[in-house]
>>> print(open('input.tsv').read())   # TSV, C-alpha atoms
chain	number	residue	atom	x	y	z
A	19	MET	CA	77.90	60.80	78.08
A	20	THR	CA	74.75	61.94	79.79
A	21	GLY	CA	73.63	65.34	80.72
A	22	GLY	CA	71.30	68.10	79.86
A	23	ALA	CA	69.17	70.76	81.26
A	24	GLU	CA	65.50	70.16	80.97
A	25	ALA	CA	64.54	67.02	79.06
A	26	VAL	CA	63.42	67.83	75.53
A	27	ARG	CA	60.64	66.04	73.67
A	28	GLY	CA	59.75	66.00	70.04
A	29	GLY	CA	62.31	64.10	67.94
A	30	ILE	CA	65.30	65.18	65.86
A	31	ARG	CA	65.60	67.08	62.59
A	32	PHE	CA	68.62	67.54	60.36
A	33	ASP	CA	68.15	70.53	58.07
A	34	GLY	CA	70.80	70.48	55.33
A	35	VAL	CA	73.55	69.51	57.77
A	36	SER	CA	77.10	69.32	56.41
A	37	VAL	CA	80.28	68.61	58.36
A	38	ALA	CA	83.82	68.97	57.02
A	39	TYR	CA	87.27	68.36	58.48
A	40	GLY	CA	90.08	70.26	56.81
A	41	GLY	CA	88.09	70.67	53.63
A	42	ASN	CA	87.10	66.99	53.54
A	43	VAL	CA	83.30	66.66	53.60
A	44	VAL	CA	82.29	63.82	55.94
A	45	LEU	CA	78.56	64.61	56.04
A	46	ASP	CA	76.96	66.17	52.98
A	47	ARG	CA	73.68	68.11	53.19
A	48	LEU	CA	71.76	65.71	55.39
A	49	ASP	CA	68.00	66.23	55.51
A	50	LEU	CA	66.37	63.74	57.86
A	51	THR	CA	63.64	63.74	60.51
A	52	VAL	CA	63.35	61.34	63.44
A	53	GLU	CA	59.78	61.48	64.67
A	54	PRO	CA	58.92	61.67	68.39
A	55	GLY	CA	59.11	58.17	69.87
A	56	GLU	CA	60.69	56.70	66.73
A	57	VAL	CA	63.76	54.47	66.50
A	58	MET	CA	65.82	55.56	63.51
A	59	ALA	CA	68.85	53.46	62.59
A	60	LEU	CA	71.70	55.10	60.71
A	61	LEU	CA	73.12	52.17	58.73
A	62	GLY	CA	76.22	52.23	56.57
A	63	PRO	CA	79.84	51.18	56.18
A	64	SER	CA	82.77	52.83	57.94
A	65	GLY	CA	83.26	56.38	56.73
A	66	SER	CA	79.67	56.74	55.50
A	67	GLY	CA	78.88	59.71	57.77
A	68	LYS	CA	76.54	57.97	60.20
A	69	THR	CA	78.59	58.56	63.37
A	70	THR	CA	79.28	62.16	62.32
A	71	ALA	CA	75.51	62.71	62.07
A	72	LEU	CA	75.02	61.34	65.59
A	73	ARG	CA	77.87	63.50	66.93
A	74	ALA	CA	76.23	66.55	65.36
A	75	VAL	CA	73.09	65.83	67.39
A	76	ALA	CA	75.17	65.29	70.53
A	77	GLY	CA	76.99	68.58	70.04
A	78	PHE	CA	80.44	67.06	69.65
A	79	VAL	CA	80.87	68.46	66.13
A	80	ARG	CA	79.71	71.80	64.75
A	81	PRO	CA	78.11	71.72	61.30
A	82	ALA	CA	79.78	73.73	58.55
A	83	ALA	CA	76.30	74.32	57.16
A	84	GLY	CA	72.71	73.54	58.11
A	85	ARG	CA	70.94	73.25	61.45
A	86	VAL	CA	70.12	70.56	64.00
A	87	PHE	CA	66.81	70.61	65.88
A	88	ILE	CA	65.75	68.64	68.95
A	89	GLY	CA	62.03	69.05	69.23
A	90	ASP	CA	61.33	72.57	68.03
A	91	ARG	CA	64.62	73.93	69.45
A	92	ASP	CA	67.53	74.84	67.21
A	93	VAL	CA	70.42	73.27	69.17
A	94	THR	CA	73.12	73.80	66.54
A	95	ALA	CA	75.06	76.22	68.72
A	96	LEU	CA	74.25	74.68	72.12
A	97	PRO	CA	76.93	72.79	74.08
A	98	PRO	CA	76.28	69.06	74.68
A	99	HIS	CA	75.23	69.40	78.32
A	100	LYS	CA	72.39	71.77	77.42
A	101	ARG	CA	70.76	69.55	74.81
A	102	GLY	CA	68.79	67.25	77.12
A	103	ILE	CA	70.04	64.01	75.52
A	104	GLY	CA	71.30	60.64	76.72
A	105	MET	CA	74.09	58.86	74.89
A	106	VAL	CA	75.65	55.39	74.96
A	107	VAL	CA	78.92	54.79	73.09
A	108	GLN	CA	80.73	51.61	72.02
A	109	GLN	CA	82.88	51.12	75.12
A	110	TYR	CA	80.24	52.23	77.67
A	111	ALA	CA	82.68	54.73	79.33
A	112	LEU	CA	81.77	53.76	82.89
A	113	PHE	CA	83.87	55.21	85.70
A	114	PRO	CA	85.82	52.22	87.11
A	115	HIS	CA	86.20	53.76	90.60
A	116	LEU	CA	82.46	54.37	91.04
A	117	ARG	CA	79.82	51.83	91.97
A	118	VAL	CA	77.00	51.16	89.53
A	119	GLN	CA	74.58	53.42	91.41
A	120	ASP	CA	77.07	56.28	91.36
A	121	ASN	CA	77.77	55.82	87.66
A	122	VAL	CA	74.05	56.06	86.96
A	123	ALA	CA	73.71	59.11	89.24
A	124	PHE	CA	76.54	60.96	87.52
A	125	GLY	CA	74.43	62.68	84.85
A	126	LEU	CA	71.78	63.67	87.37
A	127	LYS	CA	74.39	65.29	89.60
A	128	ALA	CA	75.97	67.03	86.63
A	129	GLN	CA	72.65	68.64	85.76
A	130	LYS	CA	72.11	69.55	89.42
A	131	ALA	CA	68.98	67.46	89.89
A	132	ASP	CA	67.21	67.56	93.23
A	133	LYS	CA	69.46	65.56	95.59
A	134	ALA	CA	66.55	64.00	97.41
A	135	GLY	CA	65.15	62.61	94.19
A	136	ILE	CA	68.39	61.15	92.77
A	137	PRO	CA	68.29	57.74	94.55
A	138	GLY	CA	64.77	57.11	93.28
A	139	ARG	CA	65.70	58.10	89.73
A	140	VAL	CA	68.77	55.82	89.85
A	141	ALA	CA	66.74	52.88	91.14
A	142	GLU	CA	64.09	53.46	88.48
A	143	ALA	CA	66.67	53.49	85.67
A	144	LEU	CA	68.42	50.36	86.95
A	145	GLU	CA	65.15	48.48	87.25
A	146	LEU	CA	64.26	49.49	83.72
A	147	VAL	CA	67.36	47.69	82.37
A	148	GLY	CA	67.14	44.75	84.79
A	149	MET	CA	70.15	45.80	86.90
A	150	GLY	CA	68.44	46.72	90.16
A	151	ASP	CA	70.32	44.03	92.12
A	152	TYR	CA	73.73	45.27	90.98
A	153	ALA	CA	73.61	48.84	92.28
A	154	ARG	CA	76.57	48.46	94.68
A	155	ARG	CA	78.90	46.60	92.37
A	156	TYR	CA	81.84	48.10	90.51
A	157	PRO	CA	82.08	47.92	86.70
A	158	ARG	CA	84.94	45.39	86.95
A	159	GLU	CA	82.52	43.00	88.68
A	160	LEU	CA	80.12	43.02	85.72
A	161	SER	CA	80.07	41.24	82.37
A	162	GLY	CA	80.20	43.22	79.13
A	163	GLY	CA	76.47	42.93	78.67
A	164	GLN	CA	75.81	44.10	82.23
A	165	GLN	CA	78.13	47.09	81.76
A	166	GLN	CA	76.22	47.99	78.63
A	167	ARG	CA	72.94	47.90	80.58
A	168	VAL	CA	74.41	50.22	83.21
A	169	ALA	CA	75.52	52.64	80.50
A	170	ILE	CA	71.98	52.68	79.12
A	171	ALA	CA	70.57	53.19	82.63
A	172	ARG	CA	72.87	56.18	83.12
A	173	ALA	CA	71.63	57.67	79.85
A	174	LEU	CA	67.98	57.07	80.79
A	175	ALA	CA	68.26	58.39	84.36
A	176	ILE	CA	68.09	61.98	83.16
A	177	ARG	CA	64.81	61.14	81.38
A	178	PRO	CA	65.99	62.38	78.00
A	179	GLY	CA	63.69	63.10	75.09
A	180	VAL	CA	66.42	61.82	72.77
A	181	LEU	CA	68.65	58.76	73.23
A	182	LEU	CA	71.74	58.38	71.04
A	183	LEU	CA	73.23	54.89	70.67
A	184	ASP	CA	76.60	54.69	68.88
A	185	GLU	CA	77.38	51.05	67.97
A	186	PRO	CA	76.31	50.03	71.50
A	187	LEU	CA	76.54	46.27	70.87
A	188	SER	CA	79.77	46.11	68.87
A	189	ALA	CA	81.90	45.05	71.85
A	190	LEU	CA	79.62	42.10	72.74
A	191	ASP	CA	79.83	38.54	71.49
A	192	ALA	CA	77.08	37.17	69.25
A	193	GLN	CA	75.00	35.60	72.03
A	194	LEU	CA	75.08	38.71	74.23
A	195	ARG	CA	74.32	40.88	71.22
A	196	SER	CA	71.20	38.87	70.47
A	197	GLY	CA	70.02	39.15	74.07
A	198	MET	CA	70.63	42.89	74.17
A	199	LEU	CA	68.68	43.38	70.93
A	200	THR	CA	65.71	41.84	72.73
A	201	GLU	CA	66.26	44.12	75.72
A	202	LEU	CA	66.55	47.25	73.58
A	203	ALA	CA	63.33	46.33	71.78
A	204	ARG	CA	61.62	45.95	75.17
A	205	LEU	CA	62.99	49.33	76.31
A	206	HIS	CA	61.60	50.93	73.19
A	207	ARG	CA	58.13	49.58	74.03
A	208	GLU	CA	58.40	50.86	77.62
A	209	LEU	CA	59.69	54.32	76.59
A	210	PRO	CA	57.29	55.27	73.79
A	211	ASP	CA	58.06	59.01	74.01
A	212	VAL	CA	61.84	58.75	73.63
A	213	SER	CA	63.29	59.26	70.15
A	214	ILE	CA	66.24	56.94	69.52
A	215	LEU	CA	68.99	57.49	66.94
A	216	TYR	CA	70.87	54.21	66.58
A	217	VAL	CA	74.17	54.09	64.67
A	218	THR	CA	75.25	50.68	63.38
A	219	HIS	CA	76.97	48.93	60.48
A	220	ASP	CA	75.10	45.71	61.35
A	221	GLN	CA	72.04	45.18	59.18
A	222	VAL	CA	70.52	42.64	61.60
A	223	GLU	CA	70.50	45.23	64.41
A	224	ALA	CA	68.91	47.81	62.12
A	225	LEU	CA	66.27	45.42	60.76
A	226	THR	CA	65.44	44.15	64.26
A	227	LEU	CA	65.15	47.43	66.15
A	228	ALA	CA	64.39	50.29	63.82
A	229	ASP	CA	61.05	51.77	62.87
A	230	ARG	CA	62.90	53.29	59.90
A	231	ILE	CA	66.41	52.94	58.53
A	232	ALA	CA	68.48	55.72	56.97
A	233	VAL	CA	71.08	54.16	54.68
A	234	MET	CA	74.31	56.17	54.50
A	235	ASP	CA	77.25	55.97	52.09
A	236	LYS	CA	80.02	58.35	51.04
A	237	ALA	CA	78.84	61.07	53.44
A	238	ARG	CA	75.33	61.14	51.99
A	239	LEU	CA	71.90	59.76	52.74
A	240	GLN	CA	71.22	57.13	50.08
A	241	ASP	CA	67.80	55.84	51.09
A	242	CYS	CA	65.31	55.94	53.94
A	243	GLY	CA	62.31	53.80	54.77
A	244	THR	CA	60.92	51.08	56.97
A	245	PRO	CA	62.95	47.86	57.23
A	246	GLN	CA	60.32	46.07	55.15
A	247	GLU	CA	60.36	48.74	52.43
A	248	LEU	CA	64.13	48.77	52.11
A	249	TYR	CA	64.40	44.99	52.13
A	250	ARG	CA	61.49	44.12	49.84
A	251	ARG	CA	61.54	47.15	47.54
A	252	PRO	CA	64.96	48.85	47.65
A	253	ARG	CA	65.26	52.00	45.57
A	254	THR	CA	69.01	51.93	44.91
A	255	GLU	CA	71.63	49.27	44.18
A	256	PHE	CA	73.54	50.28	47.30
A	257	THR	CA	70.47	49.76	49.50
A	258	ALA	CA	69.78	46.40	47.87
A	259	SER	CA	73.33	45.18	48.53
A	260	PHE	CA	73.75	46.64	52.03
A	261	VAL	CA	70.34	45.89	53.53
A	262	GLY	CA	70.26	42.11	53.26
A	263	ASN	CA	71.84	40.12	50.46
A	264	ALA	CA	70.86	40.45	46.83
A	265	ASN	CA	71.40	39.21	43.31
A	266	LEU	CA	71.98	42.31	41.19
A	267	LEU	CA	71.72	41.31	37.55
A	268	PRO	CA	72.37	43.66	34.59
A	269	VAL	CA	69.37	43.69	32.26
A	270	THR	CA	67.92	45.57	29.32
A	271	VAL	CA	64.24	46.44	29.33
A	272	ALA	CA	62.55	44.87	26.31
A	273	GLU	CA	59.55	45.82	24.25
A	274	PRO	CA	56.75	45.36	25.12
A	275	ALA	CA	56.89	46.38	28.77
A	276	GLY	CA	56.91	43.62	31.35
A	277	THR	CA	59.99	41.73	30.16
A	278	VAL	CA	63.73	42.22	30.43
A	279	ASP	CA	66.69	40.56	28.76
A	280	PHE	CA	69.37	39.05	31.02
A	281	ALA	CA	72.30	37.48	29.16
A	282	GLY	CA	69.98	36.37	26.37
A	283	HIS	CA	67.24	35.13	28.73
A	284	ALA	CA	63.81	36.77	28.53
A	285	LEU	CA	62.50	37.32	32.06
A	286	ALA	CA	58.99	38.46	32.98
A	287	VAL	CA	59.26	41.12	35.71
A	288	PRO	CA	57.46	44.38	36.56
A	289	THR	CA	59.21	47.13	34.58
A	290	GLY	CA	57.15	50.04	35.86
A	291	SER	CA	57.97	53.29	34.09
A	292	VAL	CA	61.39	52.19	32.81
A	293	ALA	CA	61.40	52.73	29.06
A	294	GLY	CA	62.03	49.99	26.54
A	295	GLY	CA	65.69	49.72	25.55
A	296	ALA	CA	66.93	51.17	28.86
A	297	THR	CA	69.59	49.36	30.88
A	298	ALA	CA	68.73	48.57	34.49
A	299	THR	CA	69.59	46.27	37.40
A	300	LEU	CA	67.32	43.43	38.44
A	301	CYS	CA	67.30	42.75	42.20
A	302	VAL	CA	66.24	39.33	43.50
A	303	ARG	CA	66.88	38.18	47.08
A	304	PRO	CA	68.65	34.77	47.25
A	305	HIS	CA	65.98	33.22	49.49
A	306	LEU	CA	63.39	33.97	46.80
A	307	VAL	CA	65.31	32.00	44.17
A	308	GLY	CA	64.14	28.38	43.92
A	309	LEU	CA	65.89	25.26	42.67
A	310	GLY	CA	64.25	23.45	39.74
A	311	ASP	CA	61.92	24.37	36.91
A	312	GLY	CA	59.57	27.32	37.30
A	313	PRO	CA	58.89	30.84	36.06
A	314	ASN	CA	61.88	32.90	34.95
A	315	ALA	CA	64.10	29.83	34.72
A	316	LEU	CA	67.88	30.24	34.53
A	317	THR	CA	70.20	27.30	33.91
A	318	GLY	CA	73.84	27.36	34.92
A	319	THR	CA	76.74	25.54	36.55
A	320	ILE	CA	77.35	25.19	40.30
A	321	SER	CA	80.53	27.13	41.19
A	322	GLU	CA	80.28	26.97	45.00
A	323	VAL	CA	78.10	25.39	47.70
A	324	GLN	CA	77.94	26.63	51.31
A	325	TRP	CA	76.10	24.75	54.04
A	326	ARG	CA	74.46	27.19	56.48
A	327	GLY	CA	72.63	24.85	58.82
A	328	SER	CA	69.01	25.09	57.76
A	329	THR	CA	69.88	26.20	54.21
A	330	HIS	CA	72.41	25.72	51.45
A	331	ARG	CA	73.76	28.77	49.63
A	332	LEU	CA	74.25	27.82	45.98
A	333	TYR	CA	76.41	29.93	43.68
A	334	VAL	CA	75.51	29.29	40.07
A	335	ASP	CA	77.34	30.59	37.00
A	336	VAL	CA	74.74	31.67	34.45
A	337	ASP	CA	76.45	32.76	31.24
A	338	GLY	CA	79.26	34.44	33.15
A	339	HIS	CA	77.05	35.94	35.89
A	340	ARG	CA	77.03	34.66	39.47
A	341	VAL	CA	73.53	33.98	40.80
A	342	LYS	CA	72.94	33.09	44.48
A	343	ALA	CA	70.15	30.89	45.77
A	344	ASP	CA	69.39	30.05	49.40
A	345	VAL	CA	67.50	26.76	49.45
A	346	ARG	CA	66.39	24.54	52.30
A	347	GLU	CA	68.88	21.92	53.36
A	348	LEU	CA	69.07	19.37	50.57
A	349	ARG	CA	69.29	15.58	50.85
A	350	ASP	CA	71.24	15.38	47.61
A	351	THR	CA	73.52	18.38	47.63
A	352	PRO	CA	74.67	19.58	44.20
A	353	VAL	CA	78.42	19.47	43.68
A	354	LEU	CA	80.78	21.72	41.77
A	355	GLY	CA	80.20	21.50	38.05
A	356	ASP	CA	76.61	20.23	38.26
A	357	ARG	CA	74.12	21.82	35.87
A	358	VAL	CA	71.07	23.16	37.71
A	359	THR	CA	68.05	25.30	36.97
A	360	LEU	CA	66.97	28.21	39.16
A	361	HIS	CA	63.73	30.17	39.04
A	362	PHE	CA	61.98	33.11	40.69
A	363	ALA	CA	58.53	34.68	40.63
A	364	ALA	CA	57.98	37.97	38.81
A	365	HIS	CA	56.57	39.68	41.91
A	366	ASP	CA	59.73	38.84	43.88
A	367	ALA	CA	61.95	40.90	41.56
A	368	VAL	CA	62.61	44.64	41.74
A	369	LEU	CA	63.86	46.61	38.76
A	370	LEU	CA	66.31	49.38	39.65
A	371	PRO	CA	66.80	51.99	36.91
A	372	GLN	CA	70.42	52.64	36.09
A	373	GLY	CA	71.76	55.56	38.09
A	374	ALA	CA	68.97	55.41	40.69
A	375	GLY	CA	70.04	58.14	43.07
A	376	ALA	CA	69.72	58.92	46.74
A	377	SER	CA	66.29	59.14	48.27
A	378	HIS	CA	66.06	61.53	51.20
A	379	GLY	CA	63.52	61.19	53.99
>>> encode(input="input.tsv", output="structure tokens")
Amino acid sequence: MTGGAEAVRGGIRFDGVSVAYGGNVVLDRLDLTVEPGEVMALLGPSGSGKTTALRAVAGFVRPAAGRVFIGDRDVTALPPHKRGIGMVVQQYALFPHLRVQDNVAFGLKAQKADKAGIPGRVAEALELVGMGDYARRYPRELSGGQQQRVAIARALAIRPGVLLLDEPLSALDAQLRSGMLTELARLHRELPDVSILYVTHDQVEALTLADRIAVMDKARLQDCGTPQELYRRPRTEFTASFVGNANLLPVTVAEPAGTVDFAGHALAVPTGSVAGGATATLCVRPHLVGLGDGPNALTGTISEVQWRGSTHRLYVDVDGHRVKADVRELRDTPVLGDRVTLHFAAHDAVLLPQGAGASHG
């Protein structure tokens, strides 16, 4: 979908937005701001509310409560074609009977742009996505990746202040997806004033493209921060498990501060303000767990080994708890039943207080 009256600048703001279908809340009191020129990824599993949030910005669903702003305009009650946005959906939705140039011109004609200026705007948009030589082809003559570029060109032709991308790479194979991630990153650099809301369930896409990531689950915003913040210092167990891969180990904070007990093992980790005696979850990324003796050593039995090209993923049973370690490809690969020792540095661990709740941003 493309369309809009005058292009609107200034980002997106959700102000307590809730959406319900038949009494079932699918988006619950969302407070979130996408800054002008920012790429915000909405990341979460199916049914988390991320697509509903995007559709609320597009105008395809009406909030039961709260307001949606584009720039400083309250667009909650505006129809989609008056919001000044561009949108790309999963299946591109190109018109099969129209040539590429006419598909890209569609939004401009719908908003009654100056006829004399349309060919130039179409050519500009196609060049921006590297499809200038394909203007007279039909969608059936293009690959999936090329169709996706045309869909993006159509959205950009109206020069929107806000671009909505709803799982735009999900229909592409892995190689095309990787190439399009590079192209979308380049587009972001060339369109510094356009705010982009990017819906995905793929953590790699979110980590690669986004300036910030809003993590969604069960209709609510669970966490929000830069990719580095959410990966290195997650604030909730859900964030730790959904953004990247993590060991989440149940521990009890010991006295004095600075140590925790994990299955009878005393581990030195930053405990922050968590009180002694409290239960918590220790988060350690598998690639930060080493094989062999070292600080915070844990000894256990190999229960599974996965070769992943440049690394081996080791699954180690430590007193009934499964600990994962990603280690560089080994000459002598451990086998099932081997006893091994793992270790990790204190500064690579994050302590998550039990019941750490959602963090809005």
>>> closest_residue(input="input.tsv", among="A:Arg250, A:Arg326, A:Arg85, A:Lys236", to="Asp344 in chain A", atoms="all atoms listed in the file")
A:Arg326
>>> closest_residue(input="input.tsv", among="A:Leu215, A:Met149, A:Ala141, A:Ile136", to="Gly55 in chain A", atoms="all atoms listed in the file")
A:Leu215
>>> closest_residue(input="input.tsv", among="A:Arg230, A:Lys68, A:Arg238, A:Arg31", to="Thr51 in chain A", atoms="all atoms listed in the file")
A:Arg31
>>> residues_around(input="input.tsv", residues="range 179-187 of chain A", least_positions_apart="5", cutoff="6 Å", atoms="all atoms listed in the file", output="PyMOL selection string")
chain A and resi 25-27+103-108+195+212-218
>>> closest_residue(input="input.tsv", among="A:Val292, A:Ala173, A:Met198, A:Leu112", to="Leu160 in chain A", atoms="only C-alpha atoms")
A:Leu112
>>> decode(input="input.tsv", residues="range 267-292 of chain A", atoms="N, CA, C and O atoms", output="PDB file, in the first residue's frame")
ATOM      1  N   LEU A 267      20.334 -19.539  33.792  1.00  0.00           N
ATOM      2  CA  LEU A 267      20.601 -20.466  34.889  1.00  0.00           C
ATOM      3  C   LEU A 267      19.972 -19.947  36.188  1.00  0.00           C
ATOM      4  O   LEU A 267      20.187 -18.792  36.566  1.00  0.00           O
ATOM      5  N   PRO A 268      19.196 -20.782  36.881  1.00  0.00           N
ATOM      6  CA  PRO A 268      18.589 -20.351  38.149  1.00  0.00           C
ATOM      7  C   PRO A 268      19.645 -20.263  39.245  1.00  0.00           C
ATOM      8  O   PRO A 268      20.402 -21.213  39.480  1.00  0.00           O
ATOM      9  N   VAL A 269      19.712 -19.125  39.920  1.00  0.00           N
ATOM     10  CA  VAL A 269      20.723 -18.928  40.955  1.00  0.00           C
ATOM     11  C   VAL A 269      20.091 -18.263  42.177  1.00  0.00           C
ATOM     12  O   VAL A 269      18.987 -17.714  42.120  1.00  0.00           O
ATOM     13  N   THR A 270      20.833 -18.329  43.274  1.00  0.00           N
ATOM     14  CA  THR A 270      20.473 -17.612  44.492  1.00  0.00           C
ATOM     15  C   THR A 270      21.630 -16.676  44.833  1.00  0.00           C
ATOM     16  O   THR A 270      22.803 -17.091  44.823  1.00  0.00           O
ATOM     17  N   VAL A 271      21.304 -15.431  45.085  1.00  0.00           N
ATOM     18  CA  VAL A 271      22.330 -14.442  45.409  1.00  0.00           C
ATOM     19  C   VAL A 271      22.844 -14.715  46.821  1.00  0.00           C
ATOM     20  O   VAL A 271      22.065 -14.843  47.769  1.00  0.00           O
ATOM     21  N   ALA A 272      24.167 -14.827  46.933  1.00  0.00           N
ATOM     22  CA  ALA A 272      24.785 -15.170  48.216  1.00  0.00           C
ATOM     23  C   ALA A 272      25.230 -13.916  48.949  1.00  0.00           C
ATOM     24  O   ALA A 272      25.252 -12.812  48.409  1.00  0.00           O
ATOM     25  N   GLU A 273      25.579 -14.110  50.188  1.00  0.00           N
ATOM     26  CA  GLU A 273      26.225 -13.074  50.988  1.00  0.00           C
ATOM     27  C   GLU A 273      27.706 -13.426  51.125  1.00  0.00           C
ATOM     28  O   GLU A 273      28.027 -14.592  51.369  1.00  0.00           O
ATOM     29  N   PRO A 274      28.629 -12.523  50.946  1.00  0.00           N
ATOM     30  CA  PRO A 274      28.412 -11.116  50.595  1.00  0.00           C
ATOM     31  C   PRO A 274      28.063 -10.957  49.126  1.00  0.00           C
ATOM     32  O   PRO A 274      28.128 -11.903  48.359  1.00  0.00           O
ATOM     33  N   ALA A 275      27.720  -9.728  48.735  1.00  0.00           N
ATOM     34  CA  ALA A 275      27.371  -9.434  47.347  1.00  0.00           C
ATOM     35  C   ALA A 275      28.546  -9.752  46.430  1.00  0.00           C
ATOM     36  O   ALA A 275      29.704  -9.664  46.821  1.00  0.00           O
ATOM     37  N   GLY A 276      28.204 -10.108  45.190  1.00  0.00           N
ATOM     38  CA  GLY A 276      29.252 -10.403  44.220  1.00  0.00           C
ATOM     39  C   GLY A 276      29.382 -11.873  43.906  1.00  0.00           C
ATOM     40  O   GLY A 276      30.174 -12.250  43.043  1.00  0.00           O
ATOM     41  N   THR A 277      28.616 -12.720  44.590  1.00  0.00           N
ATOM     42  CA  THR A 277      28.619 -14.150  44.281  1.00  0.00           C
ATOM     43  C   THR A 277      27.189 -14.671  44.253  1.00  0.00           C
ATOM     44  O   THR A 277      26.295 -14.125  44.913  1.00  0.00           O
ATOM     45  N   VAL A 278      27.006 -15.734  43.479  1.00  0.00           N
ATOM     46  CA  VAL A 278      25.711 -16.416  43.426  1.00  0.00           C
ATOM     47  C   VAL A 278      25.964 -17.908  43.538  1.00  0.00           C
ATOM     48  O   VAL A 278      27.062 -18.408  43.251  1.00  0.00           O
ATOM     49  N   ASP A 279      24.924 -18.626  43.943  1.00  0.00           N
ATOM     50  CA  ASP A 279      25.010 -20.081  44.023  1.00  0.00           C
ATOM     51  C   ASP A 279      24.201 -20.683  42.879  1.00  0.00           C
ATOM     52  O   ASP A 279      23.011 -20.400  42.727  1.00  0.00           O
ATOM     53  N   PHE A 280      24.868 -21.510  42.062  1.00  0.00           N
ATOM     54  CA  PHE A 280      24.199 -22.243  40.993  1.00  0.00           C
ATOM     55  C   PHE A 280      24.436 -23.730  41.206  1.00  0.00           C
ATOM     56  O   PHE A 280      25.565 -24.206  41.060  1.00  0.00           O
ATOM     57  N   ALA A 281      23.394 -24.436  41.595  1.00  0.00           N
ATOM     58  CA  ALA A 281      23.458 -25.895  41.802  1.00  0.00           C
ATOM     59  C   ALA A 281      24.656 -26.286  42.667  1.00  0.00           C
ATOM     60  O   ALA A 281      25.376 -27.253  42.382  1.00  0.00           O
ATOM     61  N   GLY A 282      24.900 -25.495  43.723  1.00  0.00           N
ATOM     62  CA  GLY A 282      25.993 -25.804  44.630  1.00  0.00           C
ATOM     63  C   GLY A 282      27.330 -25.227  44.225  1.00  0.00           C
ATOM     64  O   GLY A 282      28.322 -25.379  44.943  1.00  0.00           O
ATOM     65  N   HIS A 283      27.391 -24.551  43.078  1.00  0.00           N
ATOM     66  CA  HIS A 283      28.633 -23.922  42.616  1.00  0.00           C
ATOM     67  C   HIS A 283      28.599 -22.433  42.964  1.00  0.00           C
ATOM     68  O   HIS A 283      27.627 -21.737  42.641  1.00  0.00           O
ATOM     69  N   ALA A 284      29.646 -21.934  43.587  1.00  0.00           N
ATOM     70  CA  ALA A 284      29.758 -20.505  43.875  1.00  0.00           C
ATOM     71  C   ALA A 284      30.365 -19.808  42.661  1.00  0.00           C
ATOM     72  O   ALA A 284      31.466 -20.149  42.229  1.00  0.00           O
ATOM     73  N   LEU A 285      29.630 -18.852  42.116  1.00  0.00           N
ATOM     74  CA  LEU A 285      30.062 -18.135  40.914  1.00  0.00           C
ATOM     75  C   LEU A 285      30.211 -16.653  41.236  1.00  0.00           C
ATOM     76  O   LEU A 285      29.333 -16.056  41.877  1.00  0.00           O
ATOM     77  N   ALA A 286      31.314 -16.071  40.780  1.00  0.00           N
ATOM     78  CA  ALA A 286      31.555 -14.639  40.995  1.00  0.00           C
ATOM     79  C   ALA A 286      30.984 -13.865  39.814  1.00  0.00           C
ATOM     80  O   ALA A 286      31.495 -13.965  38.693  1.00  0.00           O
ATOM     81  N   VAL A 287      29.917 -13.106  40.055  1.00  0.00           N
ATOM     82  CA  VAL A 287      29.274 -12.302  39.011  1.00  0.00           C
ATOM     83  C   VAL A 287      28.782 -10.997  39.633  1.00  0.00           C
ATOM     84  O   VAL A 287      28.563 -10.934  40.847  1.00  0.00           O
ATOM     85  N   PRO A 288      28.614  -9.945  38.816  1.00  0.00           N
ATOM     86  CA  PRO A 288      28.052  -8.707  39.352  1.00  0.00           C
ATOM     87  C   PRO A 288      26.604  -8.924  39.801  1.00  0.00           C
ATOM     88  O   PRO A 288      25.766  -9.380  39.020  1.00  0.00           O
ATOM     89  N   THR A 289      26.317  -8.627  41.059  1.00  0.00           N
ATOM     90  CA  THR A 289      24.951  -8.817  41.566  1.00  0.00           C
ATOM     91  C   THR A 289      24.175  -7.512  41.669  1.00  0.00           C
ATOM     92  O   THR A 289      22.966  -7.537  41.916  1.00  0.00           O
ATOM     93  N   GLY A 290      24.843  -6.385  41.467  1.00  0.00           N
ATOM     94  CA  GLY A 290      24.143  -5.112  41.467  1.00  0.00           C
ATOM     95  C   GLY A 290      23.384  -4.889  42.759  1.00  0.00           C
ATOM     96  O   GLY A 290      23.902  -5.093  43.855  1.00  0.00           O
ATOM     97  N   SER A 291      22.113  -4.507  42.615  1.00  0.00           N
ATOM     98  CA  SER A 291      21.294  -4.182  43.787  1.00  0.00           C
ATOM     99  C   SER A 291      20.445  -5.352  44.260  1.00  0.00           C
ATOM    100  O   SER A 291      19.610  -5.193  45.151  1.00  0.00           O
ATOM    101  N   VAL A 292      20.649  -6.547  43.659  1.00  0.00           N
ATOM    102  CA  VAL A 292      19.850  -7.706  44.069  1.00  0.00           C
ATOM    103  C   VAL A 292      20.298  -8.142  45.468  1.00  0.00           C
ATOM    104  O   VAL A 292      21.477  -8.379  45.717  1.00  0.00           O
TER     105      VAL A 292
END
